[in-house]
Amino acid sequence: MNKKVALIAGGNGIVGRNLSRYLSGSDDWEVIVTSKTPLKYDTKAQYVSLDLSDSEAVKKQKELLKNVSHVFFAAYTERQNPYEQVEANQALIENLILGLEAIQAPLEHVVFIQGGKAYGAHLGIYKTPAKETDPRSITPNFYYNQEDFLRSESQNKNWSWTAIRPDIVIGYTIGNPMNLSNLIAVYATLCKEEGLPLRFPGSPKAYKVLVNVTGTDVLNQGLEWAATNENTKNEIFNITNGDIFRWYQAFEKIADFFDMEVAGPQTFSLQEYMPGKTALWNGIVEKYGLQKNSLNNLVQWGFGDFIFNVEYDAILDVNKARRFGFHKMQTDSIEYIINTFQTLKDKKIIP
């Protein structure tokens, strides 16, 4: 049986890194991982340097990409202006897909990552539980543009697409600061080193709302499922761990893991105050013989400020994926978060 040839775009991100490991462990896939910059980890996959802001990028790598059958698109570029962000990120997916068509790659399916932002989660409030059929927001959102491009470009073609919407992806990665498990682990480590209890840094109301997250393990399985099943073609699916929880429940167990006391919420800006803990962190790295990672390499404090101050339930309805045959969303999210902390300990990222 011929192997399917996967191209993973956005190889240095938390999604791309973990999907590369997952698919490379399967006999069904030949895996190509692309990124604008060199990969920050070892992988069995073939690495291809690809600057997707360049409309000629795929053509330049034609010989390496000519057999691609499946695309897993998780590439992203940051812009401060939301309209510029739309333009830049739309170009990434257009340059990749149009490039693969131009070199006549045997493309069968494109799976691309969206997320809670498709429902307006970044605006702070949206209808919950969010369903795939919910209306779009009037605000600029590159997810919409990417989806519209794939809908249009795939018409009367031999390939199809699927949009996957996880929420707060949890898993191991280094060098991708928008990683909530890293942020919580580093924050707890700094508190413990100063002999302080673990306090939720967001608002008291946010401490009690319902949330959900998506572990990279279930996301990997969901992405492969979406890429290889007939009934997932041209569909959108929410994918989470399958459970919901409140932050106060998580922080109690997180404190236990770090052998700390837990205290009530104390609202403050991580972005404003935690960069000042750089010297403390560097001392922790030396004291415990940890890998030499800077705070900036591990965390983006502003990301924590946003997540920990959402004062409305933020949950996705995942029943559509279950109805369509995906039955892997059975993970205990708090346990999964804690397991990522253990991985960070084992790899000497935290003490």
# chains A, B, ... in the order shown; residues from 1 in each chain; ligands from 1
$ residues_around --residues "stretch 307-313 of chain A" --least-positions-apart "3" --cutoff "6 Å" --atoms "only C-alpha atoms" --output "list in words"
Gly124, Gly202, Ser203, Lys205, Ala206, Val209, Leu210 and Gly304 of chain A
$ residues_around --residues "A:Phe341" --least-positions-apart "4" --cutoff "9 Å" --atoms "only C-alpha atoms" --output "list in words"
Tyr172, Ser181, Asn182, Ile184, Ala185, Phe257, Tyr336, Ile337, Lys345, Asp346 and Ile350 of chain A
$ write_last_selection --atoms "all heavy atoms" --output "compact mmCIF listing (two decimals), in the first residue's frame"
# COMPACT_ATOMS: atom_id res chain seq x y z
N TYR A 172 3.40 19.53 24.98
CA TYR A 172 4.81 19.88 25.15
C TYR A 172 5.35 20.59 23.91
O TYR A 172 5.20 20.11 22.79
CB TYR A 172 5.66 18.64 25.41
CG TYR A 172 7.14 18.95 25.47
CD1 TYR A 172 7.68 19.57 26.59
CD2 TYR A 172 7.97 18.66 24.39
CE1 TYR A 172 9.03 19.89 26.63
CE2 TYR A 172 9.31 18.98 24.42
CZ TYR A 172 9.84 19.59 25.55
OH TYR A 172 11.17 19.92 25.58
N SER A 181 0.29 25.57 29.29
CA SER A 181 0.86 24.68 30.29
C SER A 181 2.26 25.13 30.70
O SER A 181 2.62 25.08 31.88
CB SER A 181 0.88 23.23 29.77
OG SER A 181 1.48 23.15 28.50
N ASN A 182 3.06 25.62 29.73
CA ASN A 182 4.37 26.18 30.08
C ASN A 182 4.21 27.38 31.00
O ASN A 182 4.95 27.54 31.98
CB ASN A 182 5.11 26.61 28.81
CG ASN A 182 5.72 25.45 28.06
OD1 ASN A 182 5.45 24.30 28.36
ND2 ASN A 182 6.53 25.76 27.06
N ILE A 184 1.76 28.23 33.08
CA ILE A 184 1.34 27.88 34.44
C ILE A 184 2.50 27.24 35.20
O ILE A 184 2.74 27.55 36.38
CB ILE A 184 0.13 26.93 34.42
CG1 ILE A 184 -1.09 27.63 33.82
CG2 ILE A 184 -0.19 26.44 35.83
CD1 ILE A 184 -2.27 26.70 33.57
N ALA A 185 3.25 26.36 34.53
CA ALA A 185 4.37 25.67 35.19
C ALA A 185 5.45 26.65 35.63
O ALA A 185 5.98 26.56 36.74
CB ALA A 185 4.95 24.62 34.26
N PHE A 257 0.53 19.23 42.83
CA PHE A 257 1.63 18.70 42.01
C PHE A 257 2.94 19.38 42.37
O PHE A 257 3.99 18.73 42.45
CB PHE A 257 1.33 18.89 40.53
CG PHE A 257 2.46 18.45 39.63
CD1 PHE A 257 2.61 17.11 39.30
CD2 PHE A 257 3.37 19.36 39.13
CE1 PHE A 257 3.66 16.69 38.49
CE2 PHE A 257 4.42 18.95 38.32
CZ PHE A 257 4.56 17.62 37.99
N TYR A 336 -4.36 15.91 32.33
CA TYR A 336 -3.53 16.09 31.15
C TYR A 336 -2.59 17.28 31.32
O TYR A 336 -1.41 17.21 30.96
CB TYR A 336 -4.41 16.30 29.91
CG TYR A 336 -3.66 16.14 28.61
CD1 TYR A 336 -3.55 14.91 28.00
CD2 TYR A 336 -3.04 17.24 28.00
CE1 TYR A 336 -2.85 14.75 26.81
CE2 TYR A 336 -2.34 17.09 26.82
CZ TYR A 336 -2.25 15.85 26.23
OH TYR A 336 -1.54 15.71 25.06
N ILE A 337 -3.11 18.37 31.87
CA ILE A 337 -2.27 19.53 32.14
C ILE A 337 -1.13 19.16 33.09
O ILE A 337 0.04 19.50 32.86
CB ILE A 337 -3.11 20.68 32.72
CG1 ILE A 337 -4.07 21.24 31.66
CG2 ILE A 337 -2.21 21.81 33.24
CD1 ILE A 337 -5.11 22.20 32.20
N LYS A 345 9.25 18.59 33.77
CA LYS A 345 10.22 18.18 34.81
C LYS A 345 11.20 17.16 34.28
O LYS A 345 12.42 17.26 34.49
CB LYS A 345 9.47 17.60 36.02
CG LYS A 345 8.90 18.63 36.96
CD LYS A 345 8.49 17.98 38.28
CE LYS A 345 8.11 19.02 39.31
NZ LYS A 345 7.92 18.45 40.66
N ASP A 346 10.67 16.15 33.59
CA ASP A 346 11.52 15.07 33.08
C ASP A 346 12.57 15.61 32.09
O ASP A 346 13.69 15.10 32.03
CB ASP A 346 10.67 14.01 32.38
CG ASP A 346 9.75 13.26 33.34
OD1 ASP A 346 10.01 13.32 34.56
OD2 ASP A 346 8.79 12.62 32.87
N ILE A 350 11.64 22.63 34.04
CA ILE A 350 11.33 23.16 35.37
C ILE A 350 11.91 22.19 36.40
O ILE A 350 12.15 21.02 36.08
CB ILE A 350 9.80 23.33 35.57
CG1 ILE A 350 9.08 21.98 35.44
CG2 ILE A 350 9.25 24.35 34.60
CD1 ILE A 350 7.60 22.02 35.79
$ residues_around --residues "A:Gln291" --least-positions-apart "2" --cutoff "6 Å" --atoms "only C-alpha atoms" --output "list in words"
Asn293, Lys348 and Ile349 of chain A
$ select_by_dssp --residues "stretch 186-233 of chain A" --states "alpha helix (DSSP H)" --output "number ranges by chain"
A: 186-193, 216-228
$ closest_residue --among "A:Ser137, A:Gln85, A:Asn234, A:Asn229" --to "A:Trp159" --atoms "only C-alpha atoms"
A:Asn234
